[in-house]
Amino acid sequence: MAEGTVRGEFLLEMNGIDKRFQGVHALKRCSINLRAGEVLALVGENGAGKSTMMKILTGIHSPDEGEILFYGQKVDFKTPKAAQDAGISIVHQELNLMNHLTVAQNIFIGRESKGFFLDEKSINQKSAALFERLGVKIDPQEKVQNLTVGKQQIVEIAKAISYDSKIIIFDEPTATLTDAEIDVLFEIIAELRDKGVGMIYISHRMDEIKRITDRITVLRDGEFIGTKNTAQIEIGEVIQMMIGRVTYEEPKQASTVPEGAPVVLRVENLSSVDVKGISFELHKGEILGFAGLMGAGRTETARLIFGADKRWSGDIFINGKKVEINSPADAVRNGIGYLSEDRKRFGLAVGMSVSANAVMASLDNYTSGGFINDTKIRAVSKEYVEKINVKTPSVGQTVKNLSGGNQQKVVIAKWLIRNCDVLIFDEPTRGIDVGAKSEIYKLMNALAENGKSIIMISSELPELIRMSDRILVMCEGAHTGTMPIEEADQHAIMTLATQKS
Amino acid sequence: MKKTLAIALALVMSVAIFAACAPSPAPATPAPAAPAANAPAADTPATDAGDGEELYISIISKGFQHQFWQAVYAGARAAAEEYGVSIFFDGPESEADIDVQVNMLNQQLALNPDAIALAALSTDAVLSQLQQAYDSGIPVVGFDSGVPDAPAGQVLANASTDNDAAAALGAEGMFPAIQDQIAAATADSPVIIAVLSQDVTSESITGRTRGFAQRMLTLAGGVNDSVAITGGFGAINTGDADAAVRIEVIVGATPSIVDMTSAANGILTMPGLAGVFASNEGAANGILAAINAGASVPEDVRIVGFDAGTVQKAAVQAGIFMGAITQDPFHIGYYSVSLAVRAVRGESISDVDTGARWWDASNMNDPDIALLLYD
Amino acid sequence: MGDRVKKIQLQKLLAFGSLVILYLFFAYAGRNFVTVPTTLNILAQSYFVGFLAIGVTFVIITGGIDLSIGTVMICSALVGGELYRIHDMPLWICIIAMILVGTTFGLFNGVMVTKVGLPPFIATLGTMMVSMGLGSIITNVQSRTFPTILEADAWFARVFLRSEGNFPMGAVFLGSYLIITFIILNKTKLGRYIYAVGSNEEAVRLSGVNASNWKLAAYVISGLSAGIAAIFFSAAYTVIVPGTGQGFELSAIAAVVIGGTSLSGGVGSVTGTIIGVFIMSVLTNGLVSMGLPAPYQVFFTGVVVIVAVFMDIQRTKKANQVKRK
């Protein structure tokens with residue numbers, strides 16, 4: 001532990017913070033504190049108040065009540081810049097980068113030079129020094145849009161560090177990182193801790209929290225629940241504090257697919273620019289896990305099956321019959337539904353209502369004579385909202401006001417209403433909190449039991465092992481192996497996932 | 001607070017500039033145009049109190065921005081004073097704004113005027129309005145190009161220039177100067193007489209284009225066996241495109257000054273060019289802008305314009321244009337009101353040809369011509 | 001990195017290549033296309049569109065649009081003409097007034113977009129009508145003229161259009177403006193923030209930069225450029241007709257897109273824009289020189305604009321593909 005702990009002084013104290021947004025009581029006299037040289041996990045379900053708390057700390061919102069003490073002094077940041085100047089930086093969950101600018105230009109945006117003219121050389125040098133210090137290889141003159149998502153995340157972190165921050169907030173920093181990149185990030189965090197930087201680490205990944213943080217503060221429904229030393233608490237306990245109840249889907253011990261279940265989907269020798277000759281079978285009622293590192297070609301394979309990208313070769317068979325799938329419309333006609341990893345971009349019209357989204361793929365069935373039958377749409381939406389337990393005040397609610405988990409459920413409802421037999425879930429729990437994750441798992445199991453066949457793409461191995469009946473592993477676009485769940489463990493999967501073909 | 005301040009600042013700055021430029025920006029009080037001073041009416045403006053007995057005549061023109069229309073307006077005001085009637089005069093900003101003109105007409109019809117004088121951009125677009133006026137007993141007279149092919153009885157008479165005849169005057173004026181070139185032309189070294197037109201849809205411009213081309217065809221046919229009309233106005237094309245003498249109609253891609261200038265530049269670089277006829281002020285401006293930008297007029301090429309305007313007058317004065325045709329905008333305006341008033345009084349009226357005159361450097365300062373040449 | 005640079009260079013080379021091919025094509029197929037008058041006319045037409053297009057490039061890079069530039073230019077020119085002909089002001093004062101009017105409209109657009117929060121399309125559409133109406137009001141809907149080469153104050157055309165020896169003076173001004181704006185976009189903070197705002201405005205804001213002020217500056221530059229364009233328009237065409245100007249903004253925006261600036265923001269260059277401007281003016285004059293009737297000229301110009309926008313979409317698609325990998 002860093003010396004700050006010994007002295008027992010707090011670098012930051014947020015006391016009795018209260019905040020209301022148009023009637024919604026977002027924070028109820030919430031308090032957290034942070035020592036120098038410590039990593040504090042801030043956990044809670046979505047809507048628990050973590051983001052609001054951090055937005056108040058970084059000057060985006062101002063609190064209705066309560067005080068913030070920084071180095072024991074009362075502070076009141078009016079703008080993000082004020083907080084930044086004081087030494088409080090945040091690495092945003094949604095990447096906040098300017099894709100068309102270079103790495104160095106992004107890091108030093110707002111701090112280019114004293115005068116009107118730019119000094120490109122100096123910011124390139126400073127950026128290079130920064131990356132050297134972090135031990136990562138990134139060209140400061142590369143455009144951000146050409147970097148992998150993981151490297152973009154590192155650029156964000158480098159930007160936060162470059163402010164010589166006393167406090168750095170990490171908001172779900174690993175959601176898009178590969179394991180190797182996570183290791184790099186954790187080394188960086190450890191180094192910063194040694195230098196006395198206080199860090200607030202927001203994540204849903206309990207294993208990471210266990211690995212990197214010193215203390216854990218739990219929020220629920222805008223209230224402070226408690227702070228525990230990481231070393232002295234089990235994950236189960238943290239989750240219980242977060243959700244107030246224990247519900248967690250048990251891992252699958254063996255495949256639940258009966259012997260001789262018919263093959264619903266067969267793919268032969270599928271290939272494209274990113275995919276090299278993939279073949280596999282999917283049985284009725286089966287959950288087939290797709291494992292692999294970032295860029296292994298899993299999403300690309302799914303998009304080929306769904307007809308979203310152009311394929312070079314390969315055949316697709318549904319129920320033993322060869323089908324031509326050249327567009328998503330073809331795929332949907334053949335009963336294939338795809339739940340994109342990026343819900344907001346590809347899965348939902350977030351500005352529209354729950355019911356409008358729910359029938360988006362099957363509007364033809366709810367239209368007569370060119371007119372939309374709203375009564376029927378509301379009825380069917382309501383039926384599915386209840387069936388899969390979407391938490392929404394009404395089916396007329398705008399989707400963007402729902403939590404991530406409930407948004408995901410709306411996407412699921414969309415494909416269920418379309419009556420798809422094959423569902424491809426691409427990172428179904430990304431950005432979803434623990435309680436909602438558990439519900440998505442339950443829902444997927446229930447779907448499989450009812451005879452739907454599921455392909456599940458996930459970068460979280462524990463989740464894949466918990467859910468799948470079989471696991472298919474890919475590496476660099478090629479299929480490197482398939483294993484039944486009885487034989488699957490993280491070690492075996494990682495071996496195949498890093499096996500060059 | 002900041003927001004309000006910013007808006008206020010922008011408004012204040014804008015207003016400051018506008019105020020500096022336009023001390024009296026009221027659109028309803030244009031400065032009197034030159035011909036007004038010479039009008040056959042009383043010099044003092046009519047100051048009759050609105051006693052309700054006064055006739056109200058709506059005049060809808062095809063435009064407002066060319067100085068031509070200002071001269072029409074001056075004539076209309078002169079007649080209004082003479083007859084003691086009140087007039088409304090307006091027109092769309094561009095001759096392409098058929099819908100704007102229709103709206104103006106509708107608004108005036110709603111006011112139930114005693115008579116309407118109309119220079120229609122499109123007869124088809126105002127058919128129902130004409131019917132409505134007819135049904136309500138509001139007499140309609142045409143002016144300038146009038147209301148061509150209007151249903152019988154709905155437009156009582158026109159005060160207009162005979163565009164065909166006016167443009168033919170241009171051909172007659174130009175021909176003697178280029179007669180020798182035309183006579184000498186052969187299929188191997190052809191001679192071109194170009195007509196630059198802003199469009200081939202408006203009646204007045206098509207009339208002038210046709211009038212010039214056909215009169216030139218006749219005149220040139222007298223000295224050369226091989227003459228043809230070619231180019232962008234298909235309805236009047238005759239003869240062989242390889243003829244020794246070609247009367248070629250060129251139309252701008254759009255009526256914009258930029259496209260008219262490009263078209264004019266194209267004409268001025270044609271080999272064998274002998275003469276150019278600009279069928280309205282916009283076409284003349286296009287030719288002069290091309291010359292201003294660097295196009296040169298070959299030694300023996302004659303250019304004839306139409307109407308007047310500051311720029312065209314300067315070009316005639318400087319000898320760039322050999323001459324031009326002027327209509328009599330003042331009398332067009334004058335007779336539009338006169339015809340309307342007589343129609344309201346129940347007198348029988350018939351078309352008035354307001355006439356056209358050839359003008360050039362030699363006569364442009366004669367009082368009777370100068371009166372017609374608006375700035 | 002190297003590949004990326006090459007790709008961008010290739011695109012610009014492509015645009016420049018199209019310009020050269022287009023020119024050679026008309027030199028072969030057109031009637032008297034390669035002549036001094038035609039060249040001077042192409043240039044005269046490119047001056048004002050060039051200034052308009054460079055200005056609106058700034059706004060388009062921020063991800064916005066300025067539809068008012070054509071009518072703002074005409075309004076500025078009408079104010080200048082009104083001062084010159086009616087109020088007998090010295091010509092140089094009128095020139096300054098033209099620039100001021102344009103800049104004021106730019107400021108107005110910027111305030112409407114960044115402070116009041118109107119969408120750029122709506123705000124500048126409003127300004128388009130406001131400026132068109134205002135020009136008519138100020139002049140009582142009468143055209144205003146500027147001195148030609150033959151009149152008093154001929155220096156106006158001699159300085160801004162062509163010199164005694166037919167030297168294209170406008171090209172000198174446009175070239176200088178190109179260099180200045182190139183430096184602003186690539187070497188100054190202003191340029192950096194204009195690209196950054198177009199790429200991700202929220203990210204700029206969260207970096208503690210006052211994004212809206214820099215965005216406002218882009219609109220001011222667009223207005224200023226329209227004011228300058230008014231000078232060159234007046235010098236070339238001398239007769240300014242109220243109620244016109246609509247359509248010039250589309251020529252300018254088309255040139256910007258042809259030059260490789262993306263309508264979705266974040267990407268673009270003024271050098272590309274100038275190439276686009278010349279592609280447009282060579283095209284219109286070339287079609288005239290081929291003796292094609294008016295409807296064909298309009299048709300082919302439309303085709304080129306569609307092709308350019310199609311290329312813009314392809315570019316965006318490619319950029320997204322890179323990102324996904």
# chains A, B, ... in the order shown; residues from 1 in each chain; ligands from 1
call {"tool": "residues_around", "arguments": {"residues": "A:Leu40", "least_positions_apart": "5", "cutoff": "12 Å", "atoms": "only C-alpha atoms", "output": "VMD selection string"}}
result
chain A and resid 11 to 12 32 to 35 167 to 171 189 193 197 to 203 209 to 218 227 to 230
call {"tool": "write_last_selection", "arguments": {"atoms": "C-alpha atoms", "output": "short mmCIF file (atom, residue, chain, number, x, y, z; two decimals), in the first residue's frame"}}
result
data_model
loop_
_atom_site.label_atom_id
_atom_site.label_comp_id
_atom_site.auth_asym_id
_atom_site.auth_seq_id
_atom_site.Cartn_x
_atom_site.Cartn_y
_atom_site.Cartn_z
CA LEU A 11 -6.71 12.92 -1.19
CA LEU A 12 -10.36 13.34 -2.11
CA ILE A 32 -16.88 8.38 -1.30
CA ASN A 33 -13.27 8.98 -0.43
CA LEU A 34 -9.94 8.25 -2.06
CA ARG A 35 -6.39 8.14 -0.77
CA ILE A 167 -6.62 11.69 -9.63
CA ILE A 168 -7.48 9.56 -12.65
CA ILE A 169 -10.90 8.05 -13.12
CA PHE A 170 -11.10 4.96 -15.30
CA ASP A 171 -14.62 4.31 -16.55
CA ILE A 189 -1.99 1.57 -13.10
CA ARG A 193 -0.10 3.96 -7.81
CA VAL A 197 -1.76 8.98 -7.99
CA GLY A 198 -5.23 8.22 -6.67
CA MET A 199 -7.39 6.25 -9.06
CA ILE A 200 -11.08 5.49 -9.23
CA TYR A 201 -11.75 2.35 -11.22
CA ILE A 202 -15.26 1.75 -12.49
CA SER A 203 -15.90 -1.74 -13.86
CA ILE A 209 -11.47 -5.47 -9.54
CA LYS A 210 -10.12 -8.23 -7.38
CA ARG A 211 -6.81 -8.09 -9.20
CA ILE A 212 -6.09 -4.37 -9.33
CA THR A 213 -7.97 -2.44 -6.66
CA ASP A 214 -7.25 -1.74 -3.00
CA ARG A 215 -10.72 -0.90 -1.80
CA ILE A 216 -14.21 -1.30 -3.19
CA THR A 217 -17.01 1.22 -2.78
CA VAL A 218 -20.48 -0.01 -3.65
CA THR A 227 -16.59 0.37 1.32
CA LYS A 228 -14.55 -2.79 1.84
CA ASN A 229 -10.90 -3.70 1.54
CA THR A 230 -10.55 -5.74 -1.61
#
call {"tool": "interface_residues", "arguments": {"of": "chain A", "to": "chain C", "cutoff": "6 Å", "atoms": "only C-alpha atoms", "output": "list in words"}}
result
Pro80, Lys81, Asn96, Leu97, Met98, His100, Gly110, Phe116, Phe117, Leu118, Glu142 and Gln145 of chain A
call {"tool": "write_last_selection", "arguments": {"atoms": "C-alpha atoms", "output": "PDB file, in the first residue's frame"}}
result
ATOM      1  CA  PRO A  80     -14.381  19.966 -17.087  1.00  0.00           C
ATOM      2  CA  LYS A  81     -11.401  22.213 -17.763  1.00  0.00           C
ATOM      3  CA  ASN A  96     -13.832  10.410 -26.798  1.00  0.00           C
ATOM      4  CA  LEU A  97     -11.275  10.788 -29.518  1.00  0.00           C
ATOM      5  CA  MET A  98     -11.117  12.702 -32.754  1.00  0.00           C
ATOM      6  CA  HIS A 100      -9.306  12.153 -38.051  1.00  0.00           C
ATOM      7  CA  GLY A 110      -6.508  22.245 -26.002  1.00  0.00           C
ATOM      8  CA  PHE A 116      -1.693  30.902 -32.458  1.00  0.00           C
ATOM      9  CA  PHE A 117       0.574  28.682 -34.507  1.00  0.00           C
ATOM     10  CA  LEU A 118       0.970  25.005 -33.829  1.00  0.00           C
ATOM     11  CA  GLU A 142      -0.637   7.884 -36.681  1.00  0.00           C
ATOM     12  CA  GLN A 145      -8.890   5.978 -36.787  1.00  0.00           C
TER      13      GLN A 145
END
call {"tool": "residues_around", "arguments": {"residues": "stretch 403-410 of chain A", "least_positions_apart": "2", "cutoff": "6 Å", "atoms": "only C-alpha atoms", "output": "list in words"}}
result
Val390, Ile412, Ala413, Ile432 and Ala436 of chain A
call {"tool": "residues_around", "arguments": {"residues": "B:Gly309", "least_positions_apart": "5", "cutoff": "8 Å", "atoms": "only C-alpha atoms", "output": "PyMOL selection string"}}
result
chain B and resi 67-68+281+373-375
call {"tool": "interface_residues", "arguments": {"of": "chain C", "to": "chain B", "cutoff": "8 Å", "atoms": "only C-alpha atoms", "output": "PyMOL selection string"}}
result
chain C and resi 31-32+36-38+40-41+44-45+79+82-83+101+104-105+107-108+111-112+115-116+137-143+145+148-149+157+161-162+166+236-239+241-244+284-285+288-289+293-295+297-298
call {"tool": "write_last_selection", "arguments": {"atoms": "C-alpha atoms", "output": "PDB file, in the first residue's frame"}}
result
ATOM      1  CA  ARG C  31     -14.561  24.791 -80.242  1.00  0.00           C
ATOM      2  CA  ASN C  32     -11.807  27.332 -79.493  1.00  0.00           C
ATOM      3  CA  VAL C  36      -7.074  33.581 -73.991  1.00  0.00           C
ATOM      4  CA  PRO C  37     -10.700  34.789 -73.661  1.00  0.00           C
ATOM      5  CA  THR C  38     -12.003  31.372 -72.630  1.00  0.00           C
ATOM      6  CA  LEU C  40      -9.791  34.331 -68.720  1.00  0.00           C
ATOM      7  CA  ASN C  41     -13.495  33.554 -68.463  1.00  0.00           C
ATOM      8  CA  ALA C  44     -13.089  35.009 -63.791  1.00  0.00           C
ATOM      9  CA  GLN C  45     -15.771  32.491 -62.973  1.00  0.00           C
ATOM     10  CA  VAL C  79     -24.626  47.034 -50.557  1.00  0.00           C
ATOM     11  CA  GLU C  82     -25.665  51.005 -53.505  1.00  0.00           C
ATOM     12  CA  LEU C  83     -22.937  52.918 -51.668  1.00  0.00           C
ATOM     13  CA  VAL C 101     -21.503  42.738 -44.678  1.00  0.00           C
ATOM     14  CA  THR C 104     -21.576  40.094 -40.290  1.00  0.00           C
ATOM     15  CA  PHE C 105     -23.747  37.479 -41.923  1.00  0.00           C
ATOM     16  CA  LEU C 107     -21.125  35.982 -37.481  1.00  0.00           C
ATOM     17  CA  PHE C 108     -24.906  35.844 -37.480  1.00  0.00           C
ATOM     18  CA  VAL C 111     -24.196  32.687 -33.396  1.00  0.00           C
ATOM     19  CA  MET C 112     -27.394  31.018 -34.600  1.00  0.00           C
ATOM     20  CA  LYS C 115     -25.130  29.867 -29.278  1.00  0.00           C
ATOM     21  CA  VAL C 116     -28.807  29.599 -30.165  1.00  0.00           C
ATOM     22  CA  ILE C 137     -34.902  46.038 -49.877  1.00  0.00           C
ATOM     23  CA  ILE C 138     -31.730  48.098 -49.810  1.00  0.00           C
ATOM     24  CA  THR C 139     -31.696  48.592 -53.580  1.00  0.00           C
ATOM     25  CA  ASN C 140     -35.462  48.883 -54.041  1.00  0.00           C
ATOM     26  CA  VAL C 141     -35.169  45.766 -56.170  1.00  0.00           C
ATOM     27  CA  GLN C 142     -33.048  47.511 -58.773  1.00  0.00           C
ATOM     28  CA  SER C 143     -29.801  46.202 -60.157  1.00  0.00           C
ATOM     29  CA  THR C 145     -23.539  48.202 -61.416  1.00  0.00           C
ATOM     30  CA  THR C 148     -16.127  48.047 -66.131  1.00  0.00           C
ATOM     31  CA  ILE C 149     -12.678  48.288 -67.599  1.00  0.00           C
ATOM     32  CA  ALA C 157     -11.450  45.599 -62.720  1.00  0.00           C
ATOM     33  CA  LEU C 161      -9.940  40.886 -62.572  1.00  0.00           C
ATOM     34  CA  ARG C 162      -7.194  41.346 -65.157  1.00  0.00           C
ATOM     35  CA  ASN C 166      -4.354  40.484 -69.496  1.00  0.00           C
ATOM     36  CA  ALA C 236     -16.180  40.134 -63.289  1.00  0.00           C
ATOM     37  CA  TYR C 237     -19.897  40.636 -63.916  1.00  0.00           C
ATOM     38  CA  THR C 238     -20.386  44.346 -63.067  1.00  0.00           C
ATOM     39  CA  VAL C 239     -24.189  44.087 -63.014  1.00  0.00           C
ATOM     40  CA  VAL C 241     -29.230  41.821 -59.891  1.00  0.00           C
ATOM     41  CA  PRO C 242     -31.254  41.623 -56.666  1.00  0.00           C
ATOM     42  CA  GLY C 243     -33.019  38.357 -55.998  1.00  0.00           C
ATOM     43  CA  THR C 244     -30.228  36.309 -57.531  1.00  0.00           C
ATOM     44  CA  THR C 284     -19.308  24.539 -67.567  1.00  0.00           C
ATOM     45  CA  ASN C 285     -17.172  26.464 -70.055  1.00  0.00           C
ATOM     46  CA  VAL C 288     -20.431  25.666 -73.804  1.00  0.00           C
ATOM     47  CA  SER C 289     -17.465  25.354 -76.134  1.00  0.00           C
ATOM     48  CA  PRO C 293     -27.609  23.125 -75.779  1.00  0.00           C
ATOM     49  CA  ALA C 294     -28.473  24.435 -72.328  1.00  0.00           C
ATOM     50  CA  PRO C 295     -30.262  21.359 -70.929  1.00  0.00           C
ATOM     51  CA  GLN C 297     -24.966  21.557 -69.761  1.00  0.00           C
ATOM     52  CA  VAL C 298     -27.173  21.425 -66.686  1.00  0.00           C
TER      53      VAL C 298
END
call {"tool": "residues_around", "arguments": {"residues": "C:Cys94", "least_positions_apart": "6", "cutoff": "10 Å", "atoms": "only C-alpha atoms", "output": "MDAnalysis selection string"}}
result
chainID C and resid 76:85 88 100 231
call {"tool": "write_last_selection", "arguments": {"atoms": "C-alpha atoms", "output": "JSON list (two decimals), in the first residue's frame"}}
result
[["chain", "number", "residue", "atom", "x", "y", "z"],
["C", 76, "SER", "CA", -22.73, 42.28, -50.03],
["C", 77, "ALA", "CA", -22.21, 43.28, -53.64],
["C", 78, "LEU", "CA", -25.54, 45.12, -53.71],
["C", 79, "VAL", "CA", -24.63, 47.03, -50.56],
["C", 80, "GLY", "CA", -21.32, 47.96, -52.20],
["C", 81, "GLY", "CA", -23.08, 48.99, -55.41],
["C", 82, "GLU", "CA", -25.67, 51.00, -53.51],
["C", 83, "LEU", "CA", -22.94, 52.92, -51.67],
["C", 84, "TYR", "CA", -21.01, 53.44, -54.89],
["C", 85, "ARG", "CA", -23.79, 54.48, -57.26],
["C", 88, "ASP", "CA", -21.29, 58.23, -54.27],
["C", 100, "LEU", "CA", -18.03, 43.73, -43.54],
["C", 231, "ILE", "CA", -15.59, 41.95, -54.81]]
call {"tool": "select_by_dssp", "arguments": {"residues": "stretch 130-183 of chain B", "states": "helix (DSSP H, G or I)", "output": "list in words"}}
result
Leu130, Gln131, Gln132, Ala133, Tyr134, Asp135, Asn163, Asp164, Ala165, Ala166, Ala167, Ala168, Leu169, Gly170, Ala171, Glu172, Gly173, Met174, Phe175, Pro176, Ala177, Ile178, Gln179, Asp180, Gln181, Ile182 and Ala183 of chain B
call {"tool": "select_by_dssp", "arguments": {"residues": "stretch 229-413 of chain A", "states": "strand (DSSP E or B)", "output": "ChimeraX atom specification"}}
result
/A:229,263-271,276,278-283,287-291,313-318,321-323,336-339,353,367-368,371-372,398
call {"tool": "write_last_selection", "arguments": {"atoms": "C-alpha atoms", "output": "PDB file, in the first residue's frame"}}
result
ATOM      1  CA  ASN A 229     -10.904  -3.699   1.542  1.00  0.00           C
ATOM      2  CA  VAL A 263     -28.641 -29.590 -37.410  1.00  0.00           C
ATOM      3  CA  VAL A 264     -30.346 -26.227 -37.883  1.00  0.00           C
ATOM      4  CA  LEU A 265     -27.508 -24.280 -39.439  1.00  0.00           C
ATOM      5  CA  ARG A 266     -24.550 -25.661 -41.351  1.00  0.00           C
ATOM      6  CA  VAL A 267     -21.799 -23.448 -42.693  1.00  0.00           C
ATOM      7  CA  GLU A 268     -19.210 -24.723 -45.127  1.00  0.00           C
ATOM      8  CA  ASN A 269     -15.914 -23.119 -46.045  1.00  0.00           C
ATOM      9  CA  LEU A 270     -17.019 -19.550 -45.394  1.00  0.00           C
ATOM     10  CA  SER A 271     -14.358 -17.039 -46.314  1.00  0.00           C
ATOM     11  CA  LYS A 276     -10.483 -18.104 -43.729  1.00  0.00           C
ATOM     12  CA  ILE A 278     -14.852 -21.516 -41.569  1.00  0.00           C
ATOM     13  CA  SER A 279     -17.097 -24.618 -41.352  1.00  0.00           C
ATOM     14  CA  PHE A 280     -19.340 -25.656 -38.470  1.00  0.00           C
ATOM     15  CA  GLU A 281     -22.743 -27.015 -37.498  1.00  0.00           C
ATOM     16  CA  LEU A 282     -25.284 -25.602 -35.068  1.00  0.00           C
ATOM     17  CA  HIS A 283     -27.886 -27.918 -33.521  1.00  0.00           C
ATOM     18  CA  ILE A 287     -25.622 -22.546 -27.560  1.00  0.00           C
ATOM     19  CA  LEU A 288     -22.413 -22.518 -29.562  1.00  0.00           C
ATOM     20  CA  GLY A 289     -19.759 -20.267 -28.096  1.00  0.00           C
ATOM     21  CA  PHE A 290     -17.331 -18.414 -30.380  1.00  0.00           C
ATOM     22  CA  ALA A 291     -14.067 -17.774 -28.587  1.00  0.00           C
ATOM     23  CA  SER A 313     -16.825 -18.334 -50.921  1.00  0.00           C
ATOM     24  CA  GLY A 314     -18.816 -20.701 -48.763  1.00  0.00           C
ATOM     25  CA  ASP A 315     -22.254 -22.219 -48.483  1.00  0.00           C
ATOM     26  CA  ILE A 316     -24.918 -21.848 -45.824  1.00  0.00           C
ATOM     27  CA  PHE A 317     -27.495 -24.569 -45.150  1.00  0.00           C
ATOM     28  CA  ILE A 318     -30.628 -24.068 -43.070  1.00  0.00           C
ATOM     29  CA  LYS A 321     -31.284 -26.965 -47.398  1.00  0.00           C
ATOM     30  CA  LYS A 322     -28.795 -24.696 -49.131  1.00  0.00           C
ATOM     31  CA  VAL A 323     -29.804 -21.044 -48.943  1.00  0.00           C
ATOM     32  CA  ILE A 336     -31.441 -15.760 -38.689  1.00  0.00           C
ATOM     33  CA  GLY A 337     -31.300 -12.860 -36.251  1.00  0.00           C
ATOM     34  CA  TYR A 338     -28.136 -10.935 -35.368  1.00  0.00           C
ATOM     35  CA  LEU A 339     -27.663  -8.982 -32.158  1.00  0.00           C
ATOM     36  CA  SER A 353     -40.075   3.719 -28.830  1.00  0.00           C
ATOM     37  CA  THR A 367     -49.099  -3.420 -41.646  1.00  0.00           C
ATOM     38  CA  SER A 368     -52.290  -3.637 -43.589  1.00  0.00           C
ATOM     39  CA  PHE A 371     -50.992   1.478 -42.842  1.00  0.00           C
ATOM     40  CA  ILE A 372     -49.278   0.520 -39.625  1.00  0.00           C
ATOM     41  CA  THR A 398     -38.027   5.880 -25.911  1.00  0.00           C
TER      42      THR A 398
END
call {"tool": "residues_around", "arguments": {"residues": "stretch 347-361 of chain B", "least_positions_apart": "6", "cutoff": "8 Å", "atoms": "only C-alpha atoms", "output": "MDAnalysis selection string"}}
result
chainID B and resid 156:162 166 169:170 173 316:317 319 322:328 331:332 335 339 369
call {"tool": "atom_distance", "arguments": {"atom1": "atom CA of A:Glu181", "atom2": "atom CA of A:Arg133"}}
result
15.5 Å
call {"tool": "atom_distance", "arguments": {"atom1": "atom CA of B:Gly305", "atom2": "atom CA of B:Ser279"}}
result
6.6 Å
call {"tool": "residues_around", "arguments": {"residues": "B:Ala115", "least_positions_apart": "2", "cutoff": "9 Å", "atoms": "only C-alpha atoms", "output": "ChimeraX atom specification"}}
result
/B:55-59,112-113,117,133,137-141,340-341,343-344
call {"tool": "write_last_selection", "arguments": {"atoms": "C-alpha atoms", "output": "tab-separated table (two decimals), in the first residue's frame"}}
result
chain	number	residue	atom	x	y	z
B	55	LEU	CA	-60.39	53.36	-58.55
B	56	TYR	CA	-57.86	50.78	-57.41
B	57	ILE	CA	-55.91	49.03	-60.15
B	58	SER	CA	-53.58	46.11	-59.48
B	59	ILE	CA	-50.59	45.91	-61.79
B	112	ASN	CA	-61.27	42.86	-55.22
B	113	PRO	CA	-59.59	45.57	-57.32
B	117	ALA	CA	-53.16	44.81	-65.48
B	133	ALA	CA	-61.56	37.72	-62.34
B	137	GLY	CA	-66.49	41.10	-63.27
B	138	ILE	CA	-62.98	42.46	-62.77
B	139	PRO	CA	-61.62	43.56	-66.16
B	140	VAL	CA	-58.10	42.31	-66.98
B	141	VAL	CA	-55.77	44.00	-69.45
B	340	ALA	CA	-57.61	49.43	-67.39
B	341	VAL	CA	-59.37	52.68	-66.52
B	343	ALA	CA	-62.25	49.12	-69.34
B	344	VAL	CA	-63.69	49.94	-65.92
call {"tool": "atom_distance", "arguments": {"atom1": "atom CA of A:Ala254", "atom2": "atom CA of A:Ile454"}}
result
16.4 Å
call {"tool": "decode", "arguments": {"residues": "stretch 304-309 of chain A", "atoms": "N, CA and C atoms", "output": "short mmCIF file (atom, residue, chain, number, x, y, z; two decimals), in the first residue's frame"}}
result
data_model
loop_
_atom_site.label_atom_id
_atom_site.label_comp_id
_atom_site.auth_asym_id
_atom_site.auth_seq_id
_atom_site.Cartn_x
_atom_site.Cartn_y
_atom_site.Cartn_z
N LEU A 304 -20.87 -12.44 -42.00
CA LEU A 304 -20.97 -13.17 -43.27
C LEU A 304 -22.23 -14.03 -43.27
N ILE A 305 -22.46 -14.73 -42.13
CA ILE A 305 -23.65 -15.60 -42.06
C ILE A 305 -24.90 -14.74 -42.20
N PHE A 306 -24.83 -13.53 -41.66
CA PHE A 306 -26.00 -12.64 -41.66
C PHE A 306 -26.13 -11.87 -42.99
N GLY A 307 -25.14 -12.07 -43.86
CA GLY A 307 -25.21 -11.40 -45.16
C GLY A 307 -24.86 -9.92 -45.11
N ALA A 308 -24.21 -9.49 -44.01
CA ALA A 308 -23.93 -8.06 -43.87
C ALA A 308 -22.67 -7.65 -44.63
N ASP A 309 -21.76 -8.59 -44.85
CA ASP A 309 -20.55 -8.30 -45.63
C ASP A 309 -20.50 -9.24 -46.82
#
